[in-house]
file my_file00.pdb (PDB, C-alpha atoms and all ligand atoms)
ATOM      1  CA  MET A 144      -4.650  11.102 -21.206  1.00  0.00           C
ATOM      2  CA  LYS A 145      -1.918  13.592 -20.155  1.00  0.00           C
ATOM      3  CA  ALA A 146      -4.490  16.150 -19.083  1.00  0.00           C
ATOM      4  CA  LYS A 147      -6.512  13.448 -17.325  1.00  0.00           C
ATOM      5  CA  ILE A 148      -3.522  12.362 -15.233  1.00  0.00           C
ATOM      6  CA  GLU A 149      -2.689  15.892 -14.152  1.00  0.00           C
ATOM      7  CA  GLN A 150      -6.333  16.639 -13.397  1.00  0.00           C
ATOM      8  CA  ALA A 151      -6.660  13.462 -11.317  1.00  0.00           C
ATOM      9  CA  LEU A 152      -3.491  14.162  -9.332  1.00  0.00           C
ATOM     10  CA  ASN A 153      -4.725  17.662  -8.525  1.00  0.00           C
ATOM     11  CA  TRP A 154      -8.205  16.373  -7.701  1.00  0.00           C
ATOM     12  CA  ARG A 155      -6.976  13.880  -5.150  1.00  0.00           C
ATOM     13  CA  TYR A 156      -6.045  14.835  -1.613  1.00  0.00           C
ATOM     14  CA  ALA A 157      -5.687  12.940   1.634  1.00  0.00           C
ATOM     15  CA  ALA A 158      -9.339  12.957   2.701  1.00  0.00           C
ATOM     16  CA  LYS A 159      -9.891  13.710   6.383  1.00  0.00           C
ATOM     17  CA  LYS A 160     -13.646  13.180   6.391  1.00  0.00           C
ATOM     18  CA  TYR A 161     -15.535  10.530   4.431  1.00  0.00           C
ATOM     19  CA  ASP A 162     -19.161  10.110   3.446  1.00  0.00           C
ATOM     20  CA  PRO A 163     -20.167   7.208   5.750  1.00  0.00           C
ATOM     21  CA  ASN A 164     -23.060   6.247   3.444  1.00  0.00           C
ATOM     22  CA  PHE A 165     -20.920   5.630   0.380  1.00  0.00           C
ATOM     23  CA  GLN A 166     -20.017   2.039  -0.487  1.00  0.00           C
ATOM     24  CA  LEU A 167     -17.425   1.056  -3.072  1.00  0.00           C
ATOM     25  CA  ASP A 168     -18.847  -1.451  -5.549  1.00  0.00           C
ATOM     26  CA  ALA A 169     -17.372  -4.914  -5.996  1.00  0.00           C
ATOM     27  CA  GLU A 170     -16.027  -4.129  -9.465  1.00  0.00           C
ATOM     28  CA  THR A 171     -14.059  -1.142  -8.188  1.00  0.00           C
ATOM     29  CA  LEU A 172     -12.696  -3.114  -5.253  1.00  0.00           C
ATOM     30  CA  ALA A 173     -11.617  -5.850  -7.663  1.00  0.00           C
ATOM     31  CA  LEU A 174      -9.814  -3.268  -9.808  1.00  0.00           C
ATOM     32  CA  ILE A 175      -8.050  -1.902  -6.723  1.00  0.00           C
ATOM     33  CA  GLU A 176      -6.912  -5.429  -5.857  1.00  0.00           C
ATOM     34  CA  LYS A 177      -5.695  -5.877  -9.446  1.00  0.00           C
ATOM     35  CA  SER A 178      -3.721  -2.654  -9.204  1.00  0.00           C
ATOM     36  CA  LEU A 179      -2.078  -3.860  -5.996  1.00  0.00           C
ATOM     37  CA  GLN A 180      -1.366  -7.261  -7.539  1.00  0.00           C
ATOM     38  CA  LEU A 181       0.275  -5.574 -10.548  1.00  0.00           C
ATOM     39  CA  THR A 182       2.438  -3.285  -8.432  1.00  0.00           C
ATOM     40  CA  PRO A 183       6.111  -3.776  -9.254  1.00  0.00           C
ATOM     41  CA  SER A 184       8.466  -4.996  -6.534  1.00  0.00           C
ATOM     42  CA  SER A 185      12.149  -5.875  -6.270  1.00  0.00           C
ATOM     43  CA  TYR A 186      12.756  -9.089  -8.230  1.00  0.00           C
ATOM     44  CA  GLY A 187       8.952  -9.298  -8.473  1.00  0.00           C
ATOM     45  CA  LEU A 188       8.895 -10.925  -5.048  1.00  0.00           C
ATOM     46  CA  GLN A 189       5.797  -9.090  -3.731  1.00  0.00           C
ATOM     47  CA  PRO A 190       6.712  -9.613  -0.068  1.00  0.00           C
ATOM     48  CA  LEU A 191       3.382  -8.110   0.968  1.00  0.00           C
ATOM     49  CA  HIS A 192      -0.012  -8.992   2.317  1.00  0.00           C
ATOM     50  CA  PHE A 193      -3.129  -6.826   2.399  1.00  0.00           C
ATOM     51  CA  PHE A 194      -5.908  -6.986   4.975  1.00  0.00           C
ATOM     52  CA  TRP A 195      -9.330  -5.445   4.336  1.00  0.00           C
ATOM     53  CA  ILE A 196     -10.743  -4.429   7.702  1.00  0.00           C
ATOM     54  CA  GLU A 197     -14.472  -4.934   7.277  1.00  0.00           C
ATOM     55  CA  ASP A 198     -15.717  -5.912  10.738  1.00  0.00           C
ATOM     56  CA  SER A 199     -17.086  -2.870  12.592  1.00  0.00           C
ATOM     57  CA  VAL A 200     -15.770  -3.972  16.009  1.00  0.00           C
ATOM     58  CA  LEU A 201     -12.319  -4.485  14.520  1.00  0.00           C
ATOM     59  CA  ARG A 202     -12.513  -1.078  12.846  1.00  0.00           C
ATOM     60  CA  GLU A 203     -13.134   0.553  16.237  1.00  0.00           C
ATOM     61  CA  LYS A 204     -10.034  -1.146  17.608  1.00  0.00           C
ATOM     62  CA  VAL A 205      -7.951  -0.122  14.590  1.00  0.00           C
ATOM     63  CA  LYS A 206      -9.204   3.458  14.961  1.00  0.00           C
ATOM     64  CA  GLU A 207      -7.953   3.590  18.559  1.00  0.00           C
ATOM     65  CA  ILE A 208      -4.544   2.369  17.405  1.00  0.00           C
ATOM     66  CA  ALA A 209      -4.605   4.849  14.518  1.00  0.00           C
ATOM     67  CA  TRP A 210      -4.639   7.993  16.601  1.00  0.00           C
ATOM     68  CA  ASN A 211      -8.462   7.925  16.619  1.00  0.00           C
ATOM     69  CA  GLN A 212      -8.601   8.975  12.986  1.00  0.00           C
ATOM     70  CA  GLN A 213     -12.288   8.966  12.074  1.00  0.00           C
ATOM     71  CA  GLN A 214     -11.579   7.952   8.466  1.00  0.00           C
ATOM     72  CA  ILE A 215     -11.081   4.397   9.769  1.00  0.00           C
ATOM     73  CA  ILE A 216     -14.764   4.250  10.690  1.00  0.00           C
ATOM     74  CA  ASP A 217     -16.366   6.291   7.911  1.00  0.00           C
ATOM     75  CA  ALA A 218     -14.439   5.222   4.812  1.00  0.00           C
ATOM     76  CA  SER A 219     -15.986   2.520   2.680  1.00  0.00           C
ATOM     77  CA  ALA A 220     -12.826   0.418   2.809  1.00  0.00           C
ATOM     78  CA  VAL A 221      -9.844   0.194   5.127  1.00  0.00           C
ATOM     79  CA  LEU A 222      -6.721  -1.531   3.895  1.00  0.00           C
ATOM     80  CA  VAL A 223      -3.753  -2.492   6.058  1.00  0.00           C
ATOM     81  CA  ILE A 224      -0.629  -2.972   3.964  1.00  0.00           C
ATOM     82  CA  CYS A 225       1.754  -5.447   5.575  1.00  0.00           C
ATOM     83  CA  ALA A 226       5.210  -6.707   4.670  1.00  0.00           C
ATOM     84  CA  LYS A 227       6.893 -10.001   5.381  1.00  0.00           C
ATOM     85  CA  ASN A 228       9.408 -10.131   8.225  1.00  0.00           C
ATOM     86  CA  GLU A 229      11.748 -12.405   6.304  1.00  0.00           C
ATOM     87  CA  LEU A 230      12.130 -14.134   2.973  1.00  0.00           C
ATOM     88  CA  ASP A 231      12.876 -17.789   3.529  1.00  0.00           C
ATOM     89  CA  ALA A 232      14.231 -20.241   0.962  1.00  0.00           C
ATOM     90  CA  ALA A 233      10.787 -21.760   0.342  1.00  0.00           C
ATOM     91  CA  PHE A 234       9.341 -18.330  -0.516  1.00  0.00           C
ATOM     92  CA  LEU A 235      12.193 -17.560  -2.915  1.00  0.00           C
ATOM     93  CA  ASP A 236      11.857 -20.958  -4.569  1.00  0.00           C
ATOM     94  CA  ALA A 237       8.092 -20.550  -4.920  1.00  0.00           C
ATOM     95  CA  HIS A 238       8.728 -17.284  -6.762  1.00  0.00           C
ATOM     96  CA  ALA A 239      11.264 -18.865  -9.111  1.00  0.00           C
ATOM     97  CA  ASP A 240       8.899 -21.808  -9.688  1.00  0.00           C
ATOM     98  CA  ARG A 241       6.019 -19.470 -10.531  1.00  0.00           C
ATOM     99  CA  MET A 242       8.152 -17.505 -12.971  1.00  0.00           C
ATOM    100  CA  ARG A 243       9.372 -20.717 -14.639  1.00  0.00           C
ATOM    101  CA  ASP A 244       5.862 -22.116 -14.936  1.00  0.00           C
ATOM    102  CA  GLU A 245       4.069 -18.920 -15.998  1.00  0.00           C
ATOM    103  CA  ARG A 246       6.658 -18.305 -18.700  1.00  0.00           C
ATOM    104  CA  SER A 247       6.882 -21.959 -19.762  1.00  0.00           C
ATOM    105  CA  MET A 248      10.609 -22.108 -19.067  1.00  0.00           C
ATOM    106  CA  GLU A 249      12.813 -25.107 -18.422  1.00  0.00           C
ATOM    107  CA  GLU A 250      14.305 -25.378 -14.923  1.00  0.00           C
ATOM    108  CA  ALA A 251      17.765 -24.857 -16.443  1.00  0.00           C
ATOM    109  CA  GLN A 252      16.646 -21.465 -17.784  1.00  0.00           C
ATOM    110  CA  ILE A 253      15.564 -20.224 -14.353  1.00  0.00           C
ATOM    111  CA  GLN A 254      18.477 -21.713 -12.424  1.00  0.00           C
ATOM    112  CA  GLY A 255      20.640 -18.571 -12.624  1.00  0.00           C
ATOM    113  CA  PHE A 256      17.849 -16.352 -11.319  1.00  0.00           C
ATOM    114  CA  ARG A 257      16.963 -18.865  -8.605  1.00  0.00           C
ATOM    115  CA  SER A 258      20.484 -19.092  -7.277  1.00  0.00           C
ATOM    116  CA  HIS A 259      20.958 -15.304  -7.530  1.00  0.00           C
ATOM    117  CA  LEU A 260      17.862 -14.813  -5.371  1.00  0.00           C
ATOM    118  CA  HIS A 261      19.189 -17.187  -2.732  1.00  0.00           C
ATOM    119  CA  THR A 262      22.644 -15.596  -2.729  1.00  0.00           C
ATOM    120  CA  ALA A 263      21.534 -11.954  -2.838  1.00  0.00           C
ATOM    121  CA  ILE A 264      18.776 -12.245  -0.239  1.00  0.00           C
ATOM    122  CA  GLY A 265      20.441 -14.963   1.848  1.00  0.00           C
ATOM    123  CA  SER A 266      23.434 -12.662   2.404  1.00  0.00           C
ATOM    124  CA  LYS A 267      21.321  -9.811   3.804  1.00  0.00           C
ATOM    125  CA  PRO A 268      20.800  -9.604   7.587  1.00  0.00           C
ATOM    126  CA  GLN A 269      17.170 -10.314   8.522  1.00  0.00           C
ATOM    127  CA  THR A 270      16.655  -6.755   9.796  1.00  0.00           C
ATOM    128  CA  ASP A 271      17.692  -5.432   6.363  1.00  0.00           C
ATOM    129  CA  VAL A 272      15.319  -7.832   4.628  1.00  0.00           C
ATOM    130  CA  LYS A 273      12.472  -6.631   6.847  1.00  0.00           C
ATOM    131  CA  ILE A 274      13.176  -2.972   5.994  1.00  0.00           C
ATOM    132  CA  TRP A 275      13.589  -3.825   2.301  1.00  0.00           C
ATOM    133  CA  ASN A 276      10.206  -5.572   2.331  1.00  0.00           C
ATOM    134  CA  SER A 277       8.612  -2.529   3.978  1.00  0.00           C
ATOM    135  CA  LYS A 278       9.854  -0.349   1.148  1.00  0.00           C
ATOM    136  CA  GLN A 279       7.880  -2.483  -1.280  1.00  0.00           C
ATOM    137  CA  ALA A 280       4.740  -1.568   0.682  1.00  0.00           C
ATOM    138  CA  TYR A 281       5.293   2.104  -0.161  1.00  0.00           C
ATOM    139  CA  ILE A 282       5.467   1.287  -3.862  1.00  0.00           C
ATOM    140  CA  ALA A 283       2.107  -0.463  -3.526  1.00  0.00           C
ATOM    141  CA  LEU A 284       0.732   2.571  -1.697  1.00  0.00           C
ATOM    142  CA  GLY A 285       1.882   4.894  -4.485  1.00  0.00           C
ATOM    143  CA  GLN A 286       0.258   2.744  -7.124  1.00  0.00           C
ATOM    144  CA  LEU A 287      -2.925   2.491  -5.055  1.00  0.00           C
ATOM    145  CA  MET A 288      -3.099   6.270  -4.653  1.00  0.00           C
ATOM    146  CA  HIS A 289      -2.644   6.782  -8.368  1.00  0.00           C
ATOM    147  CA  THR A 290      -5.264   4.191  -9.292  1.00  0.00           C
ATOM    148  CA  CYS A 291      -7.775   5.729  -6.895  1.00  0.00           C
ATOM    149  CA  ALA A 292      -7.091   9.213  -8.256  1.00  0.00           C
ATOM    150  CA  LEU A 293      -7.739   8.062 -11.821  1.00  0.00           C
ATOM    151  CA  LEU A 294     -10.976   6.422 -10.671  1.00  0.00           C
ATOM    152  CA  GLU A 295     -11.935   9.591  -8.765  1.00  0.00           C
ATOM    153  CA  ILE A 296     -12.094   7.642  -5.556  1.00  0.00           C
ATOM    154  CA  ASP A 297     -10.743   9.171  -2.395  1.00  0.00           C
ATOM    155  CA  ALA A 298      -7.918   7.570  -0.485  1.00  0.00           C
ATOM    156  CA  THR A 299      -5.988   8.535   2.615  1.00  0.00           C
ATOM    157  CA  PRO A 300      -2.536   7.065   3.165  1.00  0.00           C
ATOM    158  CA  MET A 301      -1.761   6.653   6.864  1.00  0.00           C
ATOM    159  CA  GLU A 302       1.346   6.166   8.904  1.00  0.00           C
ATOM    160  CA  GLY A 303      -0.455   7.660  11.876  1.00  0.00           C
ATOM    161  CA  PHE A 304      -0.860   4.507  13.916  1.00  0.00           C
ATOM    162  CA  VAL A 305       1.107   2.437  16.420  1.00  0.00           C
ATOM    163  CA  PRO A 306       2.521  -0.429  14.331  1.00  0.00           C
ATOM    164  CA  THR A 307       3.326  -2.716  17.269  1.00  0.00           C
ATOM    165  CA  ALA A 308      -0.253  -2.409  18.570  1.00  0.00           C
ATOM    166  CA  LEU A 309      -1.718  -3.094  15.131  1.00  0.00           C
ATOM    167  CA  ASP A 310       0.606  -6.082  14.691  1.00  0.00           C
ATOM    168  CA  GLU A 311      -0.656  -7.469  17.974  1.00  0.00           C
ATOM    169  CA  LEU A 312      -4.328  -6.821  17.158  1.00  0.00           C
ATOM    170  CA  LEU A 313      -4.075  -8.574  13.789  1.00  0.00           C
ATOM    171  CA  GLN A 314      -1.686 -11.243  15.120  1.00  0.00           C
ATOM    172  CA  LEU A 315       0.773 -10.406  12.389  1.00  0.00           C
ATOM    173  CA  GLU A 316       3.939 -11.739  14.037  1.00  0.00           C
ATOM    174  CA  GLN A 317       2.435 -15.249  13.979  1.00  0.00           C
ATOM    175  CA  GLN A 318       1.896 -14.821  10.240  1.00  0.00           C
ATOM    176  CA  GLY A 319       5.443 -13.602   9.647  1.00  0.00           C
ATOM    177  CA  LEU A 320       4.187 -10.104   8.852  1.00  0.00           C
ATOM    178  CA  HIS A 321       4.321  -6.564  10.185  1.00  0.00           C
ATOM    179  CA  SER A 322       2.070  -3.602   9.421  1.00  0.00           C
ATOM    180  CA  VAL A 323       3.546  -0.768   7.373  1.00  0.00           C
ATOM    181  CA  LEU A 324       0.673   1.422   6.216  1.00  0.00           C
ATOM    182  CA  ILE A 325      -3.076   1.888   6.387  1.00  0.00           C
ATOM    183  CA  CYS A 326      -5.060   3.310   3.499  1.00  0.00           C
ATOM    184  CA  THR A 327      -8.702   4.316   3.798  1.00  0.00           C
ATOM    185  CA  ILE A 328     -10.697   4.419   0.561  1.00  0.00           C
ATOM    186  CA  GLY A 329     -14.118   5.864  -0.188  1.00  0.00           C
ATOM    187  CA  LYS A 330     -15.835   9.144  -0.995  1.00  0.00           C
ATOM    188  CA  ARG A 331     -14.954  12.495   0.513  1.00  0.00           C
ATOM    189  CA  ALA A 332     -17.612  14.121   2.709  1.00  0.00           C
ATOM    190  CA  GLU A 333     -19.081  17.227   1.104  1.00  0.00           C
ATOM    191  CA  ASP A 334     -18.075  19.247   4.163  1.00  0.00           C
ATOM    192  CA  ASP A 335     -14.477  18.041   4.364  1.00  0.00           C
ATOM    193  CA  LYS A 336     -12.820  21.438   4.258  1.00  0.00           C
ATOM    194  CA  TYR A 337      -9.456  19.941   3.338  1.00  0.00           C
ATOM    195  CA  GLN A 338     -10.652  19.319  -0.229  1.00  0.00           C
ATOM    196  CA  HIS A 339     -10.624  23.075  -0.873  1.00  0.00           C
ATOM    197  CA  LEU A 340      -7.076  23.685   0.341  1.00  0.00           C
ATOM    198  CA  LYS A 341      -4.522  24.678  -2.248  1.00  0.00           C
ATOM    199  CA  LYS A 342      -1.901  22.026  -2.905  1.00  0.00           C
ATOM    200  CA  VAL A 343       1.401  22.838  -1.232  1.00  0.00           C
ATOM    201  CA  ARG A 344       4.370  21.408  -3.081  1.00  0.00           C
ATOM    202  CA  ARG A 345       8.019  22.340  -3.447  1.00  0.00           C
ATOM    203  CA  PRO A 346       8.707  24.103  -6.747  1.00  0.00           C
ATOM    204  CA  LEU A 347       9.835  21.893  -9.638  1.00  0.00           C
ATOM    205  CA  ASN A 348      13.175  23.679  -9.856  1.00  0.00           C
ATOM    206  CA  SER A 349      14.035  22.650  -6.316  1.00  0.00           C
ATOM    207  CA  LEU A 350      13.119  19.041  -7.039  1.00  0.00           C
ATOM    208  CA  PHE A 351      14.772  18.451 -10.414  1.00  0.00           C
ATOM    209  CA  THR A 352      18.267  19.017 -11.727  1.00  0.00           C
ATOM    210  CA  LYS A 353      19.429  18.332 -15.239  1.00  0.00           C
ATOM    211  CA  LEU A 354      23.030  17.155 -15.377  1.00  0.00           C
TER     212      LEU A 354
HETATM  213  C1  LIG A 401       3.250   7.706   4.013  1.00  0.00           C
HETATM  214  C2  LIG A 401       2.179   8.712   4.338  1.00  0.00           C
HETATM  215  C3  LIG A 401       1.597   8.733   5.589  1.00  0.00           C
HETATM  216  C4  LIG A 401       0.545   9.613   5.878  1.00  0.00           C
HETATM  217  N1  LIG A 401      -0.111   9.538   7.078  1.00  0.00           N
HETATM  218  C5  LIG A 401      -1.269  10.232   7.245  1.00  0.00           C
HETATM  219  C6  LIG A 401      -2.116   9.997   8.360  1.00  0.00           C
HETATM  220  O1  LIG A 401      -1.835   9.189   9.236  1.00  0.00           O
HETATM  221  N2  LIG A 401      -3.279  10.708   8.436  1.00  0.00           N
HETATM  222  C7  LIG A 401      -3.662  11.604   7.471  1.00  0.00           C
HETATM  223  O2  LIG A 401      -4.740  12.188   7.585  1.00  0.00           O
HETATM  224  N3  LIG A 401      -2.872  11.853   6.412  1.00  0.00           N
HETATM  225  C8  LIG A 401      -1.700  11.181   6.258  1.00  0.00           C
HETATM  226  N4  LIG A 401      -0.924  11.381   5.143  1.00  0.00           N
HETATM  227  C9  LIG A 401      -1.352  12.369   4.139  1.00  0.00           C
HETATM  228  C10 LIG A 401      -0.344  13.507   3.957  1.00  0.00           C
HETATM  229  O3  LIG A 401      -0.374  14.369   5.059  1.00  0.00           O
HETATM  230  C11 LIG A 401      -0.674  14.216   2.644  1.00  0.00           C
HETATM  231  O4  LIG A 401      -0.556  13.301   1.595  1.00  0.00           O
HETATM  232  C12 LIG A 401       0.242  15.409   2.387  1.00  0.00           C
HETATM  233  O5  LIG A 401       0.062  16.393   3.367  1.00  0.00           O
HETATM  234  C13 LIG A 401       0.004  16.016   1.015  1.00  0.00           C
HETATM  235  O6  LIG A 401      -1.326  16.443   0.892  1.00  0.00           O
HETATM  236  P1  LIG A 401      -2.341  15.820  -0.166  1.00  0.00           P
HETATM  237  O7  LIG A 401      -2.099  14.336  -0.208  1.00  0.00           O
HETATM  238  O8  LIG A 401      -3.694  16.131   0.420  1.00  0.00           O
HETATM  239  O9  LIG A 401      -2.090  16.459  -1.472  1.00  0.00           O
HETATM  240  C14 LIG A 401       0.133  10.547   4.878  1.00  0.00           C
HETATM  241  C15 LIG A 401       0.748  10.511   3.624  1.00  0.00           C
HETATM  242  C16 LIG A 401       1.732   9.614   3.336  1.00  0.00           C
HETATM  243  C17 LIG A 401       2.313   9.562   1.935  1.00  0.00           C
END
call {"tool": "encode", "arguments": {"input": "my_file00.pdb", "output": "structure tokens", "more": "lines below"}}
Ligand SMILES: Cc1cc2nc3c(=O)[nH]c(=O)nc-3n(C[C@H](O)[C@H](O)[C@H](O)COP(=O)(O)O)c2cc1C
result
Amino acid sequence: MKAKIEQALNWRYAAKKYDPNFQLDAETLALIEKSLQLTPSSYGLQPLHFFWIEDSVLREKVKEIAWNQQQIIDASAVLVICAKNELDAAFLDAHADRMRDERSMEEAQIQGFRSHLHTAIGSKPQTDVKIWNSKQAYIALGQLMHTCALLEIDATPMEGFVPTALDELLQLEQQGLHSVLICTIGKRAEDDKYQHLKKVRRPLNSLFTKL
């Protein structure tokens, strides 16, 4: 397992060119969704929503917004990771309700957590909540990248797009969402020269300090 993880993390890279004929199977896509569902988040709130961009006309429009990156067209799957703009009382209560019900708790047992959620999140300015929610999207991205690597499926994380334009295209504001990241998923093209580049990473001793 240890060797497998290291091998997978070295195998993966941010693919620049995909095989346009490769299609992810339904079982793999379901596992990817499971991985995203199981991603941890602050308080377990999962303030996220994921859009699969399947329609070819829509993909063309997303590509234009995403700096014309060809991966948007050629990858088997294109995922837009969005975060909620705010966390209203109903959303917080729904989370506490779900936790109570899934864990067969009495309301009295969840009351402390419920009121803490309302106090902690209610006291944050909305702009802070929006940024906080966006950070949860990056955790999902990390988990997605790792899952894909272990499955030997290629994935390209993308911040290279105009978020306001993508929000408008997908009508995200009306849904209380904003786009944070795109991730293309599929199979690297045989002639994608980037797959042969040596990994460039800061040395471990400049990243870690033992105190
Ligand atoms: C948040 C984030 C945004 C990125 N945006 C893009 C992007 O828009 N287009 C792209 O081709 N690669 C993008 N990358 C890929 C990085 O350039 C790449 O991960 C980094 O150079 C390390 O190389 P490797 O992933 O191939 O090992 C992004 C990566 C991350 C984590």
call {"tool": "resolve_selection", "arguments": {"input": "my_file00.pdb", "expression": "the PyMOL selection byres (((chain A and resi 242) around 12) and not hetatm)", "output": "list in words"}}
result
Tyr186, Gly187, Leu188, Leu235, Asp236, Ala237, His238, Ala239, Asp240, Arg241, Arg243, Asp244, Glu245, Arg246, Ser247, Met248, Glu249, Glu250, Gln252, Ile253, Gln254, Phe256 and Arg257 of chain A
call {"tool": "axis_aligned_box", "arguments": {"input": "my_file00.pdb", "around": "region 273-280 of chain A", "padding_each_side": "8 Å", "output": "lines of an AutoDock Vina configuration file"}}
result
center_x = 9.2
center_y = -3.5
center_z = 2.8
size_x = 24.8
size_y = 22.3
size_z = 24.1
call {"tool": "closest_atom_pairs", "arguments": {"input": "my_file00.pdb", "of": "chain A", "to": "ligand LIG 401 (chain A)", "cutoff": "9 Å", "atoms": "only C-alpha atoms and all ligand atoms", "output": "Markdown table"}}
result
| residue | atom | partner | partner_atom | distance |
| --- | --- | --- | --- | --- |
| A:Leu152 | CA | A:LIG401 | O9 | 8.3 |
| A:Asn153 | CA | A:LIG401 | O9 | 7.6 |
| A:Trp154 | CA | A:LIG401 | O9 | 8.7 |
| A:Arg155 | CA | A:LIG401 | O9 | 6.6 |
| A:Tyr156 | CA | A:LIG401 | O8 | 3.4 |
| A:Ala157 | CA | A:LIG401 | O8 | 4.0 |
| A:Ala158 | CA | A:LIG401 | O2 | 6.8 |
| A:Lys159 | CA | A:LIG401 | O2 | 5.5 |
| A:Ala209 | CA | A:LIG401 | O1 | 7.4 |
| A:Trp210 | CA | A:LIG401 | O1 | 8.0 |
| A:Gln212 | CA | A:LIG401 | N2 | 7.2 |
| A:Gln214 | CA | A:LIG401 | O2 | 8.1 |
| A:Tyr281 | CA | A:LIG401 | C1 | 7.3 |
| A:Leu284 | CA | A:LIG401 | C17 | 8.0 |
| A:Gly285 | CA | A:LIG401 | C17 | 7.9 |
| A:Ala298 | CA | A:LIG401 | O7 | 8.9 |
| A:Thr299 | CA | A:LIG401 | N3 | 5.9 |
| A:Pro300 | CA | A:LIG401 | C14 | 4.7 |
| A:Met301 | CA | A:LIG401 | N1 | 3.3 |
| A:Glu302 | CA | A:LIG401 | N1 | 4.1 |
| A:Gly303 | CA | A:LIG401 | O1 | 3.3 |
| A:Phe304 | CA | A:LIG401 | O1 | 6.7 |
| A:Leu324 | CA | A:LIG401 | C1 | 7.1 |
| A:Ile325 | CA | A:LIG401 | O1 | 7.9 |
| A:Cys326 | CA | A:LIG401 | N1 | 8.7 |
| A:Tyr337 | CA | A:LIG401 | O8 | 7.5 |
| A:Gln338 | CA | A:LIG401 | O8 | 7.7 |
| A:Leu340 | CA | A:LIG401 | O8 | 8.3 |
| A:Lys341 | CA | A:LIG401 | O9 | 8.6 |
| A:Lys342 | CA | A:LIG401 | O9 | 5.8 |
| A:Val343 | CA | A:LIG401 | O6 | 7.3 |
| A:Arg344 | CA | A:LIG401 | C13 | 8.1 |
call {"tool": "write_last_selection", "arguments": {"input": "my_file00.pdb", "atoms": "C-alpha atoms", "output": "compact mmCIF listing (two decimals), in the coordinates of the input"}}
result
# COMPACT_ATOMS: atom_id res chain seq x y z
CA LEU A 152 -3.49 14.16 -9.33
CA ASN A 153 -4.72 17.66 -8.52
CA TRP A 154 -8.20 16.37 -7.70
CA ARG A 155 -6.98 13.88 -5.15
CA TYR A 156 -6.04 14.84 -1.61
CA ALA A 157 -5.69 12.94 1.63
CA ALA A 158 -9.34 12.96 2.70
CA LYS A 159 -9.89 13.71 6.38
CA ALA A 209 -4.61 4.85 14.52
CA TRP A 210 -4.64 7.99 16.60
CA GLN A 212 -8.60 8.98 12.99
CA GLN A 214 -11.58 7.95 8.47
CA TYR A 281 5.29 2.10 -0.16
CA LEU A 284 0.73 2.57 -1.70
CA GLY A 285 1.88 4.89 -4.49
CA ALA A 298 -7.92 7.57 -0.48
CA THR A 299 -5.99 8.54 2.62
CA PRO A 300 -2.54 7.06 3.16
CA MET A 301 -1.76 6.65 6.86
CA GLU A 302 1.35 6.17 8.90
CA GLY A 303 -0.46 7.66 11.88
CA PHE A 304 -0.86 4.51 13.92
CA LEU A 324 0.67 1.42 6.22
CA ILE A 325 -3.08 1.89 6.39
CA CYS A 326 -5.06 3.31 3.50
CA TYR A 337 -9.46 19.94 3.34
CA GLN A 338 -10.65 19.32 -0.23
CA LEU A 340 -7.08 23.68 0.34
CA LYS A 341 -4.52 24.68 -2.25
CA LYS A 342 -1.90 22.03 -2.90
CA VAL A 343 1.40 22.84 -1.23
CA ARG A 344 4.37 21.41 -3.08
call {"tool": "closest_residue", "arguments": {"input": "my_file00.pdb", "among": "A:Ile282, A:Met144, A:Ile264, A:Ile274", "to": "Gln180 (chain A)", "atoms": "only C-alpha atoms"}}
result
A:Ile282
call {"tool": "closest_atom_pairs", "arguments": {"input": "my_file00.pdb", "of": "region 179-265 of chain A", "to": "region 311-319 of chain A", "cutoff": "12 Å", "atoms": "only C-alpha atoms", "output": "Markdown table"}}
result
| residue | atom | partner | partner_atom | distance |
| --- | --- | --- | --- | --- |
| A:Pro190 | CA | A:Gly319 | CA | 10.6 |
| A:Leu191 | CA | A:Gly319 | CA | 10.5 |
| A:His192 | CA | A:Gln318 | CA | 10.0 |
| A:Phe193 | CA | A:Leu315 | CA | 11.3 |
| A:Phe194 | CA | A:Leu313 | CA | 9.1 |
| A:Trp195 | CA | A:Leu313 | CA | 11.3 |
| A:Ile196 | CA | A:Leu313 | CA | 9.9 |
| A:Val200 | CA | A:Leu312 | CA | 11.8 |
| A:Leu201 | CA | A:Leu312 | CA | 8.7 |
| A:Arg202 | CA | A:Leu312 | CA | 10.9 |
| A:Glu203 | CA | A:Leu312 | CA | 11.5 |
| A:Lys204 | CA | A:Leu312 | CA | 8.1 |
| A:Val205 | CA | A:Leu312 | CA | 8.0 |
| A:Lys206 | CA | A:Leu312 | CA | 11.6 |
| A:Glu207 | CA | A:Leu312 | CA | 11.1 |
| A:Ile208 | CA | A:Leu312 | CA | 9.2 |
| A:Ala209 | CA | A:Leu312 | CA | 12.0 |
| A:Val223 | CA | A:Leu313 | CA | 9.8 |
| A:Ile224 | CA | A:Leu315 | CA | 11.3 |
| A:Cys225 | CA | A:Leu315 | CA | 8.5 |
| A:Ala226 | CA | A:Gly319 | CA | 8.5 |
| A:Lys227 | CA | A:Gly319 | CA | 5.8 |
| A:Asn228 | CA | A:Gly319 | CA | 5.5 |
| A:Glu229 | CA | A:Gly319 | CA | 7.2 |
| A:Leu230 | CA | A:Gly319 | CA | 9.5 |
| A:Asp231 | CA | A:Gly319 | CA | 10.5 |
| A:Phe234 | CA | A:Gly319 | CA | 11.9 |
call {"tool": "atom_distance", "arguments": {"input": "my_file00.pdb", "atom1": "CA of Thr352 (chain A)", "atom2": "CA of Cys291 (chain A)"}}
result
29.6 Å
call {"tool": "resolve_selection", "arguments": {"input": "my_file00.pdb", "expression": "the PyMOL selection byres (((chain A and resi 217-220) around 6) and not hetatm)", "output": "PyMOL selection string"}}
result
chain A and resi 161+163+166+214-216+221+327-329
call {"tool": "closest_residue", "arguments": {"input": "my_file00.pdb", "among": "A:Ala283, A:Leu167, A:Ala251, A:Leu260", "to": "Lys330 (chain A)", "atoms": "all atoms listed in the file"}}
result
A:Leu167
call {"tool": "atom_distance", "arguments": {"input": "my_file00.pdb", "atom1": "CA of Ser277 (chain A)", "atom2": "CA of Pro346 (chain A)"}}
result
28.7 Å
